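Q: Below you'll find entry_21.txt; it's compact mmCIF, C-alpha atoms.
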```txt
# COMPACT_ATOMS: atom_id res chain seq x y z
CA MET L 1 78.77 -243.52 38.30
CA PRO L 2 78.34 -242.51 34.62
CA ASP L 3 78.40 -245.38 32.18
CA PHE L 4 80.44 -245.55 28.97
CA ASN L 5 77.73 -243.96 26.86
CA ASP L 6 77.56 -240.97 29.19
CA ILE L 7 81.34 -240.52 28.95
CA VAL L 8 81.17 -240.71 25.16
CA ASP L 9 78.41 -238.11 25.13
CA ILE L 10 80.44 -235.77 27.38
CA VAL L 11 83.62 -236.14 25.28
CA SER L 12 81.64 -235.71 22.07
CA GLY L 13 80.02 -232.58 23.43
CA VAL L 14 83.41 -231.13 24.45
CA ILE L 15 84.91 -231.95 21.06
CA ALA L 16 81.90 -230.52 19.24
CA GLN L 17 82.11 -227.36 21.33
CA TRP L 18 85.87 -226.74 21.23
CA THR L 19 86.94 -228.09 17.85
CA PRO L 20 85.54 -225.16 15.84
CA ARG L 21 87.06 -222.72 18.31
CA VAL L 22 90.52 -224.34 18.25
CA LEU L 23 90.50 -224.67 14.47
CA GLY L 24 89.31 -221.09 14.10
CA SER L 25 91.98 -219.83 16.49
CA LEU L 26 94.73 -221.74 14.66
CA ALA L 27 93.47 -220.50 11.30
CA LEU L 28 93.49 -216.95 12.62
CA LEU L 29 97.02 -217.31 13.97
CA ILE L 30 98.38 -218.78 10.73
CA SER L 31 96.64 -216.28 8.49
CA GLY L 32 97.57 -213.41 10.82
CA TRP L 33 101.22 -214.47 10.77
CA MET L 34 101.20 -214.53 6.97
CA ILE L 35 99.40 -211.18 6.78
CA ALA L 36 101.90 -209.64 9.23
CA GLY L 37 104.81 -210.76 7.06
CA HIS L 38 103.11 -209.45 3.93
CA MET L 39 102.31 -206.12 5.59
CA LYS L 40 105.93 -205.83 6.74
CA ARG L 41 107.15 -206.21 3.16
CA LEU L 42 104.57 -203.71 1.88
CA ALA L 43 105.52 -201.27 4.64
CA ARG L 44 109.21 -201.52 3.75
CA GLU L 45 108.46 -200.87 0.09
CA ALA L 46 106.13 -197.96 0.83
CA LEU L 47 108.49 -196.38 3.36
CA SER L 48 111.47 -196.82 1.05
CA ALA L 49 109.60 -195.03 -1.72
CA SER L 50 108.59 -192.17 0.59
CA ALA L 51 110.64 -189.28 1.93
CA ILE L 52 111.33 -191.11 5.20
CA ASP L 53 115.00 -191.58 6.01
CA ASP L 54 116.38 -195.01 5.09
CA ILE L 55 117.52 -195.62 8.65
CA LEU L 56 113.89 -195.51 9.88
CA VAL L 57 112.50 -197.97 7.31
CA PRO L 58 113.46 -201.32 8.94
CA PHE L 59 112.58 -200.01 12.41
CA LEU L 60 109.07 -198.84 11.47
CA ALA L 61 108.41 -201.94 9.36
CA GLY L 62 109.44 -204.14 12.28
CA MET L 63 107.13 -202.25 14.64
CA ILE L 64 104.20 -202.76 12.26
CA HIS L 65 104.99 -206.48 12.05
CA VAL L 66 105.14 -206.93 15.84
CA THR L 67 101.96 -204.89 16.41
CA ILE L 68 99.94 -207.01 13.95
CA ILE L 69 101.16 -210.25 15.52
CA VAL L 70 100.20 -209.07 19.02
CA LEU L 71 96.72 -208.04 17.87
CA VAL L 72 96.24 -211.35 16.04
CA ALA L 73 97.30 -213.28 19.15
CA ILE L 74 94.74 -211.43 21.30
CA ALA L 75 92.04 -212.03 18.68
CA ALA L 76 92.91 -215.75 18.55
CA VAL L 77 92.50 -216.00 22.31
CA GLY L 78 89.12 -214.31 21.97
CA VAL L 79 88.03 -216.91 19.40
CA LEU L 80 88.72 -219.61 21.99
CA GLY L 81 86.14 -217.95 24.21
CA VAL L 82 88.54 -216.35 26.66
CA ASN L 83 87.57 -212.89 27.84
CA THR L 84 90.10 -210.68 26.08
CA ALA L 85 89.74 -207.95 28.69
CA SER L 86 90.76 -210.40 31.38
CA PHE L 87 93.47 -211.72 29.12
CA VAL L 88 94.91 -208.24 28.62
CA ALA L 89 94.77 -207.65 32.39
CA VAL L 90 96.62 -210.90 33.05
CA LEU L 91 99.10 -210.00 30.33
CA GLY L 92 99.70 -206.65 31.99
CA ALA L 93 100.15 -208.29 35.40
CA ALA L 94 102.71 -210.61 33.87
CA GLY L 95 104.52 -207.67 32.28
CA LEU L 96 106.98 -207.31 35.16
CA ALA L 97 108.02 -210.95 34.97
CA VAL L 98 108.34 -210.73 31.21
CA ALA L 99 110.36 -207.53 31.51
CA LEU L 100 112.76 -209.20 33.92
CA ALA L 101 113.09 -212.27 31.71
CA PHE L 102 113.63 -210.22 28.55
CA GLN L 103 115.48 -207.28 30.03
CA ASP L 104 118.26 -207.58 27.44
CA THR L 105 115.67 -207.54 24.65
CA PHE L 106 113.97 -204.43 26.05
CA SER L 107 117.37 -202.86 26.54
CA ASN L 108 118.13 -203.42 22.86
CA PHE L 109 114.76 -201.93 21.93
CA ALA L 110 115.33 -198.84 24.08
CA ALA L 111 118.83 -198.44 22.63
CA GLY L 112 117.36 -198.72 19.12
CA VAL L 113 114.96 -195.86 19.89
CA MET L 114 117.86 -193.76 21.18
CA LEU L 115 119.94 -194.50 18.08
CA LEU L 116 117.07 -193.37 15.87
CA THR L 117 116.57 -190.25 18.01
CA PHE L 118 120.17 -189.03 18.24
CA ARG L 119 121.29 -190.44 14.85
CA PRO L 120 125.04 -190.99 15.50
CA PHE L 121 125.24 -192.68 12.08
CA ASP L 122 123.16 -193.33 8.98
CA VAL L 123 122.73 -196.24 6.58
CA GLY L 124 125.82 -196.45 4.36
CA ASN L 125 128.21 -195.01 6.97
CA TYR L 126 131.38 -196.92 7.83
CA VAL L 127 131.51 -197.15 11.61
CA ASP L 128 133.24 -198.89 14.48
CA VAL L 129 130.61 -199.83 17.09
CA GLY L 130 130.74 -202.33 19.91
CA GLY L 131 134.21 -203.44 18.76
CA THR L 132 132.93 -204.23 15.25
CA ALA L 133 133.78 -202.17 12.16
CA GLY L 134 131.66 -202.21 9.02
CA THR L 135 129.20 -200.41 6.78
CA VAL L 136 125.73 -199.86 8.28
CA GLN L 137 123.07 -201.73 6.29
CA GLU L 138 120.08 -201.21 8.59
CA VAL L 139 119.11 -200.20 12.11
CA GLY L 140 116.54 -202.72 13.37
CA ILE L 141 114.37 -202.88 16.45
CA PHE L 142 116.87 -204.95 18.39
CA THR L 143 120.06 -205.09 16.30
CA CYS L 144 122.06 -203.19 13.70
CA LEU L 145 123.23 -204.98 10.56
CA LEU L 146 126.81 -204.24 9.48
CA THR L 147 128.79 -205.50 6.49
CA THR L 148 132.54 -205.76 7.03
CA SER L 149 135.18 -204.87 4.44
CA ASP L 150 135.51 -208.58 3.56
CA ASN L 151 131.74 -208.80 2.93
CA ILE L 152 130.70 -210.54 6.14
CA GLN L 153 127.36 -209.58 7.69
CA ILE L 154 127.35 -209.01 11.44
CA ARG L 155 124.37 -208.17 13.65
CA VAL L 156 125.34 -206.11 16.69
CA PRO L 157 122.84 -205.71 19.59
CA ASN L 158 121.70 -202.11 19.89
CA SER L 159 122.58 -201.99 23.59
CA LYS L 160 126.18 -202.87 22.72
CA ILE L 161 126.26 -199.90 20.35
CA PHE L 162 124.55 -197.09 22.24
CA GLY L 163 126.36 -197.86 25.48
CA GLN L 164 129.81 -197.88 23.86
CA THR L 165 132.04 -195.49 21.95
CA ILE L 166 130.80 -194.95 18.39
CA VAL L 167 133.41 -194.10 15.74
CA ASN L 168 131.94 -192.82 12.47
CA TYR L 169 134.46 -192.66 9.62
CA SER L 170 131.94 -191.30 7.11
CA VAL L 171 131.07 -187.96 8.67
CA SER L 172 133.77 -185.93 6.85
CA ASP L 173 134.68 -186.05 3.17
CA THR L 174 138.42 -186.01 3.95
CA ARG L 175 140.73 -188.01 6.19
CA ARG L 176 144.33 -187.62 7.30
CA ILE L 177 146.81 -190.44 6.81
CA ASP L 178 149.28 -190.75 9.70
CA LEU L 179 152.55 -192.49 8.82
CA SER L 180 155.74 -192.82 10.85
CA ILE L 181 158.97 -193.32 8.89
CA GLY L 182 162.33 -193.97 10.54
CA VAL L 183 165.62 -192.86 8.96
CA GLY L 184 169.18 -193.38 10.15
CA TYR L 185 171.00 -190.91 12.38
CA ASP L 186 173.70 -190.54 9.72
CA ASP L 187 171.20 -189.60 7.01
CA ASP L 188 170.58 -186.02 5.85
CA LEU L 189 167.25 -185.02 7.37
CA GLY L 190 166.74 -182.34 4.73
CA THR L 191 167.05 -184.93 1.97
CA ALA L 192 164.69 -187.30 3.76
CA ILE L 193 162.03 -184.62 4.27
CA ARG L 194 162.26 -183.35 0.68
CA THR L 195 161.99 -186.91 -0.62
CA CYS L 196 158.83 -187.50 1.43
CA LEU L 197 157.31 -184.23 0.18
CA ASP L 198 158.14 -185.16 -3.42
CA VAL L 199 156.41 -188.54 -2.98
CA LEU L 200 153.30 -186.80 -1.66
CA ALA L 201 153.33 -184.22 -4.46
CA ALA L 202 153.59 -186.97 -7.09
CA ASP L 203 150.40 -188.69 -5.89
CA PRO L 204 147.30 -186.95 -7.36
CA ARG L 205 145.11 -188.32 -4.58
CA VAL L 206 146.93 -186.26 -1.94
CA LEU L 207 145.06 -183.00 -1.37
CA GLU L 208 146.79 -179.63 -1.49
CA ASP L 209 144.40 -178.22 1.10
CA PRO L 210 144.81 -179.02 3.95
CA GLU L 211 148.56 -178.99 3.42
CA ALA L 212 150.51 -182.18 4.10
CA ILE L 213 152.97 -182.24 7.01
CA VAL L 214 156.40 -183.91 7.09
CA ALA L 215 158.38 -183.25 10.27
CA VAL L 216 160.79 -184.78 12.76
CA ASN L 217 158.70 -186.36 15.48
CA GLU L 218 161.07 -188.29 17.72
CA LEU L 219 164.71 -189.22 18.24
CA GLY L 220 164.24 -192.92 18.76
CA ASP L 221 166.64 -195.57 19.98
CA SER L 222 167.49 -196.81 16.49
CA ALA L 223 166.19 -194.10 14.13
CA VAL L 224 165.02 -190.55 13.69
CA GLN L 225 161.24 -190.81 13.38
CA LEU L 226 159.53 -188.64 10.77
CA VAL L 227 155.78 -188.09 10.68
CA VAL L 228 154.15 -187.99 7.24
CA ARG L 229 150.59 -186.65 7.36
CA PRO L 230 148.85 -186.07 4.03
CA TRP L 231 145.11 -185.44 3.57
CA VAL L 232 143.03 -187.44 1.10
CA LYS L 233 139.42 -187.99 0.19
CA ARG L 234 137.69 -190.44 2.48
CA THR L 235 137.11 -192.91 -0.35
CA ASP L 236 140.84 -192.89 -1.25
CA TYR L 237 142.13 -193.49 2.27
CA GLY L 238 143.00 -197.20 2.15
CA SER L 239 144.53 -197.39 -1.33
CA THR L 240 146.51 -194.15 -0.90
CA ARG L 241 147.93 -195.26 2.45
CA TRP L 242 149.19 -198.57 1.07
CA ASP L 243 150.72 -196.96 -2.03
CA LEU L 244 152.44 -194.22 -0.03
CA ILE L 245 154.11 -196.67 2.33
CA ARG L 246 155.69 -198.49 -0.60
CA ALA L 247 156.60 -195.30 -2.48
CA LEU L 248 158.21 -193.72 0.60
CA LYS L 249 160.39 -196.76 1.24
CA GLU L 250 161.55 -197.04 -2.37
CA ASN L 251 162.23 -193.32 -2.82
CA LEU L 252 164.01 -192.87 0.50
CA GLU L 253 166.33 -195.76 -0.29
CA ALA L 254 166.93 -194.36 -3.79
CA ALA L 255 167.85 -191.01 -2.19
CA GLY L 256 170.52 -192.71 -0.08
CA CYS L 257 168.59 -192.83 3.18
CA THR L 258 168.54 -195.92 5.34
CA LEU L 259 165.49 -197.38 7.04
CA PRO L 260 167.00 -198.86 10.21
CA TYR L 261 165.34 -201.46 12.38
CA PRO L 262 165.89 -202.08 16.10
CA GLN L 263 169.28 -203.63 16.83
CA ARG L 264 171.06 -204.63 19.99
CA ASP L 265 174.79 -205.08 20.47
CA VAL L 266 175.73 -207.81 22.92
CA HIS L 267 179.21 -207.67 24.48
CA LEU L 268 180.57 -210.78 26.16
CA HIS L 269 183.17 -210.42 28.90
CA GLN L 270 185.21 -213.36 30.05
CA VAL L 271 185.36 -213.65 33.81
CA SER L 272 188.45 -215.41 35.16
```
Re-express the file's structure as structure tokens.

A:
Amino acid sequence: MPDFNDIVDIVSGVIAQWTPRVLGSLALLISGWMIAGHMKRLAREALSASAIDDILVPFLAGMIHVTIIVLVAIAAVGVLGVNTASFVAVLGAAGLAVALAFQDTFSNFAAGVMLLTFRPFDVGNYVDVGGTAGTVQEVGIFTCLLTTSDNIQIRVPNSKIFGQTIVNYSVSDTRRIDLSIGVGYDDDLGTAIRTCLDVLAADPRVLEDPEAIVAVNELGDSAVQLVVRPWVKRTDYGSTRWDLIRALKENLEAAGCTLPYPQRDVHLHQVS
């Protein structure tokens, strides 16, 4: 049985053998992590200054960052004395288990590649994706960054975007405003339609081409429903819509038209 001195010699030998390797591996990991972050920033700056589309910049920079980290990790294992070829083989054998454990992550990555390939939207577009509406800030490896109209940042997984309906409001320069205005059955429809057309003509944001439409759409239970459909520039959509709703109400009432609301008459019968 080895005595205490033998045990001390064995432990000292192990420490003397492994300490430089462990410290070297840790130093390589820390420095590699810092270098990867620095290279990611440099890549973003270089790609942003190049002719590459803005939507590709965060994706390519993220790929460079991940690649450097993986290479540094393999090198750190090699410093410990592990055969890197065997390590890569083991890593490949464990790929299936990793893929199953991170299937959502790989799904987001694959969806990100598809988004960059088919380009349903670009940075700066206002879109509705995965039930979230906002302006696209970047398309990342796994998520897309959106900013809502009230300046809230939301990250949406790429798989939730590519597998769902994508509504892009920024494709065309013009948009149509669809309004439904109800007038009373006793009102003069000609007066109501002319009043709506005058309101549209008085607003300089309403485009002459395509021509605005004002027509009778439905004979409802409580009112005759008119459709008011002017065209405006995409950037004027929200403000014009709000102003037209107010102007139509005020001008229709000034023209003698009524804006009825649903009513119900209840008749009570006494039963003897």

Q: Tell me which protein, DNA and RNA residues are within 6 Å of segment 253-270 of chain L, counting only C-alpha atoms, leaving out same-chain ones fewer than 6 positions away, and put them as a list in words.

A: Gly182, Val183, Gly184, Asp187 and Ser222 of chain L

Q: How many Å lie between atom CA of Ala212 of chain L and atom CA of Leu248 of chain L, rounded to one decimal?

A: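 Computing it gives 14.3 Å between the two atoms.
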
Q: What is the atom CA of Pro210 of chain L-atom CA of Val129 of chain L distance in Å, reported with one decimal?

A: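 Atom CA of Pro210 of chain L sits 28.4 Å away from atom CA of Val129 of chain L.
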
Q: Can you work out which one of L:Thr143, L:Asn251, L:Ala76, L:Glu138 has the shortest atom-to-atom distance to Phe106 of chain L, counting all atoms listed in the file?

A: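 Smallest separation from Phe106 of chain L among the options: L:Thr143.
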
Q: Just give me the gap between atom CA of Phe162 of chain L and atom CA of Leu146 of chain L in Å, one decimal is fine.

A: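 Here the two named atoms are 14.8 Å from each other.
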
Q: Residues at most 8 Å from Val232 of chain L, counting only C-alpha atoms, excluding those fewer than 3 positions away in the same chain, as a PyMOL selection string?

A: chain L and resi 174-177+205-207+236-237+240

Q: Find the residues around Ile245 of chain L up to 10 Å (all atoms listed in the file counted), leave out those fewer than 5 positions away in its own chain, and share them as a list of chain:residue names.

A: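 Skipping anything fewer than 5 positions along the chain leaves L:Leu179, L:Ser180, L:Ile181, L:Val199, L:Val228, L:Thr240, L:Glu250.
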
Q: Using all atoms listed in the file for the distances, tell me which of L:Gly134, L:Gly163, L:Gly124, L:Gly62 is nearest to Asn151 of chain L.

A: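 Comparing L:Gly134, L:Gly163, L:Gly124, L:Gly62 against Asn151 of chain L, the winner is L:Gly134.
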